[in-house]
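protein.pdb follows; it contains PDB, C-alpha atoms, pLDDT in the B column.
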ATOM      1  CA  MET A   1      89.134  95.875 124.583  1.00 85.00           C
ATOM      2  CA  LYS A   2      86.512  94.310 126.819  1.00 90.00           C
ATOM      3  CA  LEU A   3      85.477  90.755 126.039  1.00 93.00           C
ATOM      4  CA  ASP A   4      82.217  89.198 127.190  1.00 93.00           C
ATOM      5  CA  ILE A   5      82.993  85.708 128.508  1.00 92.00           C
ATOM      6  CA  THR A   6      79.691  85.065 130.310  1.00 90.00           C
ATOM      7  CA  GLN A   7      78.976  82.058 128.055  1.00 92.00           C
ATOM      8  CA  ILE A   8      82.150  80.344 129.280  1.00 90.00           C
ATOM      9  CA  LEU A   9      81.530  81.335 132.901  1.00 88.00           C
ATOM     10  CA  GLY A  10      77.980  79.946 132.626  1.00 88.00           C
ATOM     11  CA  GLY A  11      79.257  76.663 131.170  1.00 87.00           C
ATOM     12  CA  LYS A  12      77.400  77.071 127.845  1.00 92.00           C
ATOM     13  CA  VAL A  13      80.548  76.834 125.698  1.00 93.00           C
ATOM     14  CA  ARG A  14      84.156  75.777 126.299  1.00 92.00           C
ATOM     15  CA  THR A  15      85.850  78.083 123.776  1.00 95.00           C
ATOM     16  CA  LEU A  16      85.221  81.582 122.445  1.00 95.00           C
ATOM     17  CA  GLU A  17      87.248  83.413 119.814  1.00 96.00           C
ATOM     18  CA  PHE A  18      87.360  87.189 119.461  1.00 96.00           C
ATOM     19  CA  PRO A  19      88.989  89.311 116.734  1.00 96.00           C
ATOM     20  CA  ILE A  20      91.409  92.055 117.798  1.00 94.00           C
ATOM     21  CA  SER A  21      91.278  95.522 116.270  1.00 94.00           C
ATOM     22  CA  LEU A  22      92.649  98.392 118.281  1.00 93.00           C
ATOM     23  CA  ASP A  23      94.604 101.577 117.734  1.00 91.00           C
ATOM     24  CA  PRO A  24      97.283 101.845 120.436  1.00 85.00           C
ATOM     25  CA  VAL A  25      97.079 105.645 120.595  1.00 82.00           C
ATOM     26  CA  GLU A  26      93.289 105.680 121.024  1.00 88.00           C
ATOM     27  CA  THR A  27      93.450 103.066 123.804  1.00 87.00           C
ATOM     28  CA  GLY A  28      95.230 105.408 126.177  1.00 87.00           C
ATOM     29  CA  TYR A  29      98.294 103.147 126.293  1.00 88.00           C
ATOM     30  CA  GLY A  30     100.213 104.958 123.547  1.00 86.00           C
ATOM     31  CA  GLU A  31     102.931 105.868 126.060  1.00 90.00           C
ATOM     32  CA  TYR A  32     104.000 102.203 126.116  1.00 90.00           C
ATOM     33  CA  PHE A  33     105.397 102.599 122.587  1.00 92.00           C
ATOM     34  CA  PRO A  34     108.520 104.473 121.473  1.00 91.00           C
ATOM     35  CA  GLU A  35     107.825 107.949 120.082  1.00 91.00           C
ATOM     36  CA  ASP A  36     109.285 107.055 116.690  1.00 92.00           C
ATOM     37  CA  VAL A  37     107.066 104.014 116.027  1.00 93.00           C
ATOM     38  CA  THR A  38     104.179 104.488 113.596  1.00 93.00           C
ATOM     39  CA  PHE A  39     101.462 101.892 113.228  1.00 94.00           C
ATOM     40  CA  THR A  40     100.354 101.566 109.603  1.00 94.00           C
ATOM     41  CA  ALA A  41      97.197  99.668 110.606  1.00 94.00           C
ATOM     42  CA  PRO A  42      95.323  98.881 113.828  1.00 95.00           C
ATOM     43  CA  ILE A  43      96.698  96.000 115.878  1.00 95.00           C
ATOM     44  CA  GLY A  44      94.837  92.909 114.680  1.00 96.00           C
ATOM     45  CA  GLY A  45      94.830  89.215 115.507  1.00 96.00           C
ATOM     46  CA  THR A  46      92.738  86.946 117.703  1.00 96.00           C
ATOM     47  CA  VAL A  47      91.955  86.191 121.333  1.00 96.00           C
ATOM     48  CA  THR A  48      90.928  82.634 122.186  1.00 96.00           C
ATOM     49  CA  VAL A  49      89.313  82.051 125.588  1.00 95.00           C
ATOM     50  CA  THR A  50      89.161  78.387 126.629  1.00 94.00           C
ATOM     51  CA  ASP A  51      87.749  76.758 129.755  1.00 91.00           C
ATOM     52  CA  ARG A  52      90.358  74.250 130.939  1.00 88.00           C
ATOM     53  CA  GLY A  53      88.380  73.087 133.971  1.00 84.00           C
ATOM     54  CA  GLU A  54      90.725  74.248 136.742  1.00 84.00           C
ATOM     55  CA  TYR A  55      91.311  77.600 135.059  1.00 88.00           C
ATOM     56  CA  ILE A  56      90.349  79.614 131.977  1.00 91.00           C
ATOM     57  CA  SER A  57      93.082  80.202 129.416  1.00 92.00           C
ATOM     58  CA  VAL A  58      93.172  83.457 127.422  1.00 95.00           C
ATOM     59  CA  GLN A  59      95.471  82.981 124.418  1.00 96.00           C
ATOM     60  CA  VAL A  60      96.245  86.302 122.706  1.00 96.00           C
ATOM     61  CA  ASP A  61      97.886  86.498 119.261  1.00 97.00           C
ATOM     62  CA  PRO A  62      98.185  90.152 118.195  1.00 96.00           C
ATOM     63  CA  VAL A  63      99.638  91.185 114.829  1.00 97.00           C
ATOM     64  CA  ALA A  64     100.969  94.728 114.346  1.00 96.00           C
ATOM     65  CA  GLU A  65     102.111  96.448 111.160  1.00 96.00           C
ATOM     66  CA  TYR A  66     104.519  99.241 112.016  1.00 95.00           C
ATOM     67  CA  GLU A  67     107.299 101.538 110.811  1.00 96.00           C
ATOM     68  CA  LEU A  68     110.446 102.484 112.713  1.00 95.00           C
ATOM     69  CA  PRO A  69     113.332 104.647 111.502  1.00 96.00           C
ATOM     70  CA  CYS A  70     116.533 102.886 110.438  1.00 95.00           C
ATOM     71  CA  SER A  71     118.995 103.099 113.303  1.00 94.00           C
ATOM     72  CA  ARG A  72     121.735 104.328 110.959  1.00 93.00           C
ATOM     73  CA  CYS A  73     120.108 106.555 108.313  1.00 93.00           C
ATOM     74  CA  LEU A  74     116.623 107.275 109.750  1.00 93.00           C
ATOM     75  CA  VAL A  75     114.748 106.014 106.650  1.00 94.00           C
ATOM     76  CA  PRO A  76     111.367 104.520 107.690  1.00 95.00           C
ATOM     77  CA  VAL A  77     111.450 100.713 107.752  1.00 95.00           C
ATOM     78  CA  GLY A  78     108.150  98.816 107.752  1.00 95.00           C
ATOM     79  CA  ASP A  79     107.610  95.358 109.188  1.00 95.00           C
ATOM     80  CA  THR A  80     104.984  93.088 110.707  1.00 96.00           C
ATOM     81  CA  LEU A  81     105.205  91.909 114.300  1.00 96.00           C
ATOM     82  CA  GLU A  82     103.462  88.764 115.505  1.00 96.00           C
ATOM     83  CA  VAL A  83     103.248  88.263 119.252  1.00 95.00           C
ATOM     84  CA  SER A  84     101.767  85.418 121.252  1.00 96.00           C
ATOM     85  CA  PHE A  85     101.065  85.341 124.987  1.00 95.00           C
ATOM     86  CA  GLU A  86      98.700  83.745 127.477  1.00 94.00           C
ATOM     87  CA  ARG A  87      96.815  85.047 130.477  1.00 93.00           C
ATOM     88  CA  LEU A  88      94.855  82.988 133.016  1.00 91.00           C
ATOM     89  CA  ILE A  89      91.599  83.350 134.916  1.00 89.00           C
ATOM     90  CA  PRO A  90      91.255  81.219 138.049  1.00 84.00           C
ATOM     91  CA  SER A  91      88.114  79.090 138.275  1.00 73.00           C
ATOM     92  CA  GLY A  92      86.407  79.391 141.641  1.00 62.00           C
ATOM     93  CA  GLY A  93      88.744  82.182 142.658  1.00 50.00           C
ATOM     94  CA  ARG A  94      91.816  79.958 143.133  1.00 49.00           C
ATOM     95  CA  PHE A  95      94.225  77.907 141.047  1.00 49.00           C
ATOM     96  CA  SER A  96      94.640  74.253 141.819  1.00 49.00           C
ATOM     97  CA  MET A  97      97.676  74.185 139.523  1.00 50.00           C
ATOM     98  CA  ASP A  98     101.251  75.159 140.444  1.00 53.00           C
ATOM     99  CA  GLU A  99     100.949  78.878 141.207  1.00 53.00           C
ATOM    100  CA  GLU A 100     104.719  79.440 141.308  1.00 55.00           C
ATOM    101  CA  LEU A 101     104.892  79.139 137.510  1.00 58.00           C
ATOM    102  CA  TYR A 102     102.756  82.225 137.003  1.00 62.00           C
ATOM    103  CA  ASP A 103     103.349  85.875 137.803  1.00 72.00           C
ATOM    104  CA  GLU A 104     100.665  88.206 139.076  1.00 75.00           C
ATOM    105  CA  GLU A 105     100.648  89.908 135.630  1.00 78.00           C
ATOM    106  CA  ASP A 106      99.591  86.605 134.022  1.00 83.00           C
ATOM    107  CA  ILE A 107      96.284  86.540 135.897  1.00 86.00           C
ATOM    108  CA  LEU A 108      93.221  88.447 134.647  1.00 88.00           C
ATOM    109  CA  THR A 109      90.253  89.464 136.733  1.00 86.00           C
ATOM    110  CA  VAL A 110      86.669  89.125 135.573  1.00 89.00           C
ATOM    111  CA  THR A 111      84.411  92.133 136.113  1.00 89.00           C
ATOM    112  CA  GLU A 112      80.696  91.564 135.511  1.00 91.00           C
ATOM    113  CA  GLY A 113      81.415  88.740 133.046  1.00 90.00           C
ATOM    114  CA  HIS A 114      83.992  90.758 131.068  1.00 92.00           C
ATOM    115  CA  ILE A 115      87.771  90.832 130.841  1.00 94.00           C
ATOM    116  CA  ASP A 116      89.807  93.783 129.589  1.00 93.00           C
ATOM    117  CA  ILE A 117      92.994  92.837 127.719  1.00 94.00           C
ATOM    118  CA  THR A 118      93.789  96.181 126.063  1.00 93.00           C
ATOM    119  CA  LYS A 119      96.647  96.986 128.419  1.00 93.00           C
ATOM    120  CA  ASP A 120      98.123  93.500 128.037  1.00 94.00           C
ATOM    121  CA  ILE A 121      98.029  93.670 124.230  1.00 94.00           C
ATOM    122  CA  CYS A 122      99.709  97.094 124.162  1.00 93.00           C
ATOM    123  CA  GLU A 123     102.304  96.113 126.742  1.00 93.00           C
ATOM    124  CA  GLU A 124     103.303  92.824 125.071  1.00 95.00           C
ATOM    125  CA  THR A 125     103.386  94.422 121.611  1.00 95.00           C
ATOM    126  CA  ALA A 126     105.588  97.273 122.860  1.00 94.00           C
ATOM    127  CA  LEU A 127     107.983  94.842 124.530  1.00 95.00           C
ATOM    128  CA  ALA A 128     108.280  92.782 121.335  1.00 95.00           C
ATOM    129  CA  LEU A 129     109.236  95.742 119.116  1.00 95.00           C
ATOM    130  CA  PRO A 130     112.869  95.585 118.001  1.00 94.00           C
ATOM    131  CA  ASP A 131     115.368  97.961 119.592  1.00 92.00           C
ATOM    132  CA  TYR A 132     117.559  98.189 116.492  1.00 92.00           C
ATOM    133  CA  VAL A 133     116.189  98.338 112.939  1.00 94.00           C
ATOM    134  CA  LEU A 134     118.177  98.581 109.702  1.00 94.00           C
ATOM    135  CA  CYS A 135     116.893  99.407 106.229  1.00 92.00           C
ATOM    136  CA  ASP A 136     119.717  97.294 104.802  1.00 91.00           C
ATOM    137  CA  GLU A 137     122.367  95.206 106.495  1.00 92.00           C
ATOM    138  CA  ASP A 138     125.060  97.275 104.745  1.00 92.00           C
ATOM    139  CA  CYS A 139     123.452 100.668 105.443  1.00 91.00           C
ATOM    140  CA  PRO A 140     126.283 103.224 105.603  1.00 91.00           C
ATOM    141  CA  GLY A 141     124.280 105.625 107.755  1.00 91.00           C
ATOM    142  CA  LEU A 142     124.602 109.415 107.812  1.00 90.00           C
ATOM    143  CA  CYS A 143     127.646 111.665 107.392  1.00 87.00           C
ATOM    144  CA  PRO A 144     128.677 112.743 110.905  1.00 83.00           C
ATOM    145  CA  LYS A 145     129.456 116.256 109.663  1.00 83.00           C
ATOM    146  CA  CYS A 146     126.651 117.264 107.292  1.00 86.00           C
ATOM    147  CA  GLY A 147     124.011 114.614 108.031  1.00 85.00           C
ATOM    148  CA  LYS A 148     123.534 113.500 104.399  1.00 88.00           C
ATOM    149  CA  ALA A 149     122.490 109.897 103.838  1.00 87.00           C
ATOM    150  CA  LEU A 150     125.633 108.133 102.604  1.00 87.00           C
ATOM    151  CA  ALA A 151     123.531 105.603 100.679  1.00 86.00           C
ATOM    152  CA  ASP A 152     122.729 108.445  98.228  1.00 86.00           C
ATOM    153  CA  GLY A 153     126.419 108.892  97.438  1.00 84.00           C
ATOM    154  CA  ASP A 154     129.434 110.746  98.765  1.00 83.00           C
ATOM    155  CA  CYS A 155     128.580 114.018 100.493  1.00 81.00           C
ATOM    156  CA  GLY A 156     131.888 115.729  99.709  1.00 80.00           C
ATOM    157  CA  CYS A 157     132.867 116.346 103.306  1.00 82.00           C
ATOM    158  CA  LYS A 158     136.573 116.153 104.009  1.00 72.00           C
ATOM    159  CA  LYS A 159     137.455 112.781 105.473  1.00 70.00           C
ATOM    160  CA  GLU A 160     140.064 113.866 107.988  1.00 68.00           C
ATOM    161  CA  LYS A 161     140.639 111.722 110.994  1.00 70.00           C
ATOM    162  CA  GLU A 162     139.351 113.349 114.141  1.00 71.00           C
ATOM    163  CA  ILE A 163     141.075 112.704 117.418  1.00 74.00           C
ATOM    164  CA  ASP A 164     139.130 112.570 120.622  1.00 80.00           C
ATOM    165  CA  PRO A 165     139.941 115.815 122.488  1.00 82.00           C
ATOM    166  CA  ARG A 166     140.691 113.813 125.624  1.00 86.00           C
ATOM    167  CA  LEU A 167     143.424 111.927 123.745  1.00 82.00           C
ATOM    168  CA  LYS A 168     144.799 114.933 121.855  1.00 80.00           C
ATOM    169  CA  ILE A 169     147.893 115.016 124.092  1.00 81.00           C
ATOM    170  CA  PHE A 170     148.992 111.641 122.709  1.00 81.00           C
ATOM    171  CA  GLU A 171     149.071 113.086 119.176  1.00 77.00           C
ATOM    172  CA  LYS A 172     152.371 114.695 120.156  1.00 77.00           C
ATOM    173  CA  LEU A 173     153.870 111.258 120.814  1.00 78.00           C
ATOM    174  CA  LEU A 174     152.918 110.058 117.314  1.00 72.00           C
ATOM    175  CA  LYS A 175     154.592 113.100 115.710  1.00 74.00           C
ATOM    176  CA  ASP A 176     157.768 112.618 117.778  1.00 67.00           C
ATOM    177  CA  GLU A 177     158.038 109.032 116.477  1.00 63.00           C
ATOM    178  CA  GLU A 178     158.088 110.199 112.855  1.00 59.00           C
TER     179      GLU A 178
END
Conversion result in structure tokens:
Amino acid sequence: MKLDITQILGGKVRTLEFPISLDPVETGYGEYFPEDVTFTAPIGGTVTVTDRGEYISVQVDPVAEYELPCSRCLVPVGDTLEVSFERLIPSGGRFSMDEELYDEEDILTVTEGHIDITKDICEETALALPDYVLCDEDCPGLCPKCGKALADGDCGCKKEKEIDPRLKIFEKLLKDEE
């Protein structure tokens, strides 16, 4: 997503606002996202570019609607993710502010009056996705034997206690105690 910021660079305006609308797969950065995530709509939101005098601030607020499988029963769970991050563009090629507070990834380069923030949006959105999603806090998950969703009712599998094969030798000690 290339943004034309020549008006700010030329001093005509101090602030520009751009809408975001991008499909992560079409951007070429689809590999940043887990394979099991499905976006139900393009990533939306806004980008606000503001001239702060010593530097130019690029405030990015993407919003993503997505589905991930429940970590216990694999039922698709939909949610909305709102992310907020800032990138900087040095004025005159150098910051006069404390450079130690900012990483190299926080600084954007201007090419022919444009900045490209597609990679940054995809990267920050991917990092903000949850690692563990549940359809319900009390989700019972799947039967370890047959794979049936236990939320739909009992599967009928025998509920015998399995002993870890590595600890099977200790089973003899329990029987000797009886």
* Can you tell me how far atom CA of A:Leu68 sits from atom CA of A:Tyr29, in Å to one decimal? -> 18.2 Å
Take the PyMOL selection byres ((chain A and resi 82) around 8), apply it to the structure above, and return the hits as a PDB file with C-alpha atoms, in the coordinates of the input.
ATOM      1  CA  ASP A  61      97.886  86.498 119.261  1.00 97.00           C
ATOM      2  CA  PRO A  62      98.185  90.152 118.195  1.00 96.00           C
ATOM      3  CA  VAL A  63      99.638  91.185 114.829  1.00 97.00           C
ATOM      4  CA  ALA A  64     100.969  94.728 114.346  1.00 96.00           C
ATOM      5  CA  THR A  80     104.984  93.088 110.707  1.00 96.00           C
ATOM      6  CA  LEU A  81     105.205  91.909 114.300  1.00 96.00           C
ATOM      7  CA  VAL A  83     103.248  88.263 119.252  1.00 95.00           C
ATOM      8  CA  SER A  84     101.767  85.418 121.252  1.00 96.00           C
TER       9      SER A  84
END
* In Å, with one decimal, what is the gap from atom CA of A:Glu31 to atom CA of A:Val49? -> 27.4 Å
* To do: Apply the PyMOL selection byres ((chain A and resi 130) around 12) to the structure shown and report the selected residues as a list in words.
  => Phe33, Pro34, Val37, Tyr66, Glu67, Leu68, Pro69, Cys70, Ser71, Val77, Gly78, Asp79, Thr80, Leu81, Glu82, Thr125, Ala126, Leu127, Ala128, Leu129, Asp131, Tyr132, Val133 and Leu134 of chain A
Just the selected residues (C-alpha atoms), exported as a PDB file, keeping the file's coordinate frame, please.
ATOM      1  CA  PHE A  33     105.397 102.599 122.587  1.00 92.00           C
ATOM      2  CA  PRO A  34     108.520 104.473 121.473  1.00 91.00           C
ATOM      3  CA  VAL A  37     107.066 104.014 116.027  1.00 93.00           C
ATOM      4  CA  TYR A  66     104.519  99.241 112.016  1.00 95.00           C
ATOM      5  CA  GLU A  67     107.299 101.538 110.811  1.00 96.00           C
ATOM      6  CA  LEU A  68     110.446 102.484 112.713  1.00 95.00           C
ATOM      7  CA  PRO A  69     113.332 104.647 111.502  1.00 96.00           C
ATOM      8  CA  CYS A  70     116.533 102.886 110.438  1.00 95.00           C
ATOM      9  CA  SER A  71     118.995 103.099 113.303  1.00 94.00           C
ATOM     10  CA  VAL A  77     111.450 100.713 107.752  1.00 95.00           C
ATOM     11  CA  GLY A  78     108.150  98.816 107.752  1.00 95.00           C
ATOM     12  CA  ASP A  79     107.610  95.358 109.188  1.00 95.00           C
ATOM     13  CA  THR A  80     104.984  93.088 110.707  1.00 96.00           C
ATOM     14  CA  LEU A  81     105.205  91.909 114.300  1.00 96.00           C
ATOM     15  CA  GLU A  82     103.462  88.764 115.505  1.00 96.00           C
ATOM     16  CA  THR A 125     103.386  94.422 121.611  1.00 95.00           C
ATOM     17  CA  ALA A 126     105.588  97.273 122.860  1.00 94.00           C
ATOM     18  CA  LEU A 127     107.983  94.842 124.530  1.00 95.00           C
ATOM     19  CA  ALA A 128     108.280  92.782 121.335  1.00 95.00           C
ATOM     20  CA  LEU A 129     109.236  95.742 119.116  1.00 95.00           C
ATOM     21  CA  ASP A 131     115.368  97.961 119.592  1.00 92.00           C
ATOM     22  CA  TYR A 132     117.559  98.189 116.492  1.00 92.00           C
ATOM     23  CA  VAL A 133     116.189  98.338 112.939  1.00 94.00           C
ATOM     24  CA  LEU A 134     118.177  98.581 109.702  1.00 94.00           C
TER      25      LEU A 134
END
So what does the PyMOL selection byres ((chain A and resi 140-144) around 9) actually pick up in this one, as a PDB file with C-alpha atoms, keeping the file's coordinate frame?
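Result went into out-v3.pdb, see below:
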ATOM      1  CA  CYS A  70     116.533 102.886 110.438  1.00 95.00           C
ATOM      2  CA  SER A  71     118.995 103.099 113.303  1.00 94.00           C
ATOM      3  CA  ARG A  72     121.735 104.328 110.959  1.00 93.00           C
ATOM      4  CA  CYS A  73     120.108 106.555 108.313  1.00 93.00           C
ATOM      5  CA  LEU A  74     116.623 107.275 109.750  1.00 93.00           C
ATOM      6  CA  ASP A 136     119.717  97.294 104.802  1.00 91.00           C
ATOM      7  CA  GLU A 137     122.367  95.206 106.495  1.00 92.00           C
ATOM      8  CA  ASP A 138     125.060  97.275 104.745  1.00 92.00           C
ATOM      9  CA  CYS A 139     123.452 100.668 105.443  1.00 91.00           C
ATOM     10  CA  LYS A 145     129.456 116.256 109.663  1.00 83.00           C
ATOM     11  CA  CYS A 146     126.651 117.264 107.292  1.00 86.00           C
ATOM     12  CA  GLY A 147     124.011 114.614 108.031  1.00 85.00           C
ATOM     13  CA  LYS A 148     123.534 113.500 104.399  1.00 88.00           C
ATOM     14  CA  ALA A 149     122.490 109.897 103.838  1.00 87.00           C
ATOM     15  CA  LEU A 150     125.633 108.133 102.604  1.00 87.00           C
ATOM     16  CA  ALA A 151     123.531 105.603 100.679  1.00 86.00           C
ATOM     17  CA  ASP A 154     129.434 110.746  98.765  1.00 83.00           C
ATOM     18  CA  CYS A 155     128.580 114.018 100.493  1.00 81.00           C
ATOM     19  CA  CYS A 157     132.867 116.346 103.306  1.00 82.00           C
TER      20      CYS A 157
END
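Atom CA of A:Ile20 is found 20.7 Å from atom CA of A:Glu112.
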* Can you pull out every residue within 7 Å of A:Leu108, counting only C-alpha atoms, but drop anything in the same chain fewer than 6 positions away, and send it as a PyMOL selection string? => chain A and resi 87-89
Per residue of stretch 69-140 of chain A within 12 Å of stretch 6-9 of chain A, what are the shortest atom pair and its distance in Å to one decimal, counting all atoms listed in the file, with rows by chain and residue number, as a Markdown table?
| residue | atom | partner | partner_atom | distance |
| --- | --- | --- | --- | --- |
| A:Ile89 | CA | A:Leu9 | CA | 10.5 |
| A:Pro90 | CA | A:Leu9 | CA | 11.0 |
| A:Ser91 | CA | A:Leu9 | CA | 8.8 |
| A:Gly92 | CA | A:Leu9 | CA | 10.2 |
| A:Val110 | CA | A:Thr6 | CA | 9.6 |
| A:Thr111 | CA | A:Thr6 | CA | 10.3 |
| A:Glu112 | CA | A:Thr6 | CA | 8.4 |
| A:Gly113 | CA | A:Thr6 | CA | 4.9 |
| A:His114 | CA | A:Thr6 | CA | 7.2 |
| A:Ile115 | CA | A:Thr6 | CA | 9.9 |
* Asked: Nearest to A:Pro24: which of A:Val75, A:Ile107, A:Ala41, A:Cys122 is it, counting only C-alpha atoms?
  -> A:Cys122
* To do: Write out as a PyMOL selection string each polymer residue whose atoms come within 12 Å of A:Glu26, counting all atoms listed in the file; drop sequence neighbours fewer than 3 positions from it.
  => chain A and resi 1+21-23+29-31+39+42-43+118-119+122
Shell around A:Glu86 at 7 Å using all atoms listed in the file, local window under 5 positions removed, as a CSV table (one decimal) with C-alpha atoms, keeping the file's coordinate frame:
chain,number,residue,atom,x,y,z
A,57,SER,CA,93.1,80.2,129.4
A,58,VAL,CA,93.2,83.5,127.4
A,59,GLN,CA,95.5,83.0,124.4
A,60,VAL,CA,96.2,86.3,122.7
Can you report as JSON the centre and edge lengths in Å, to one decimal, of an axis-aligned box around the listed atoms of stretch 120-128 of chain A padded with 3 Å on each side?
{"center_x": 103.2, "center_y": 95.0, "center_z": 124.7, "size_x": 16.3, "size_y": 10.5, "size_z": 12.7}
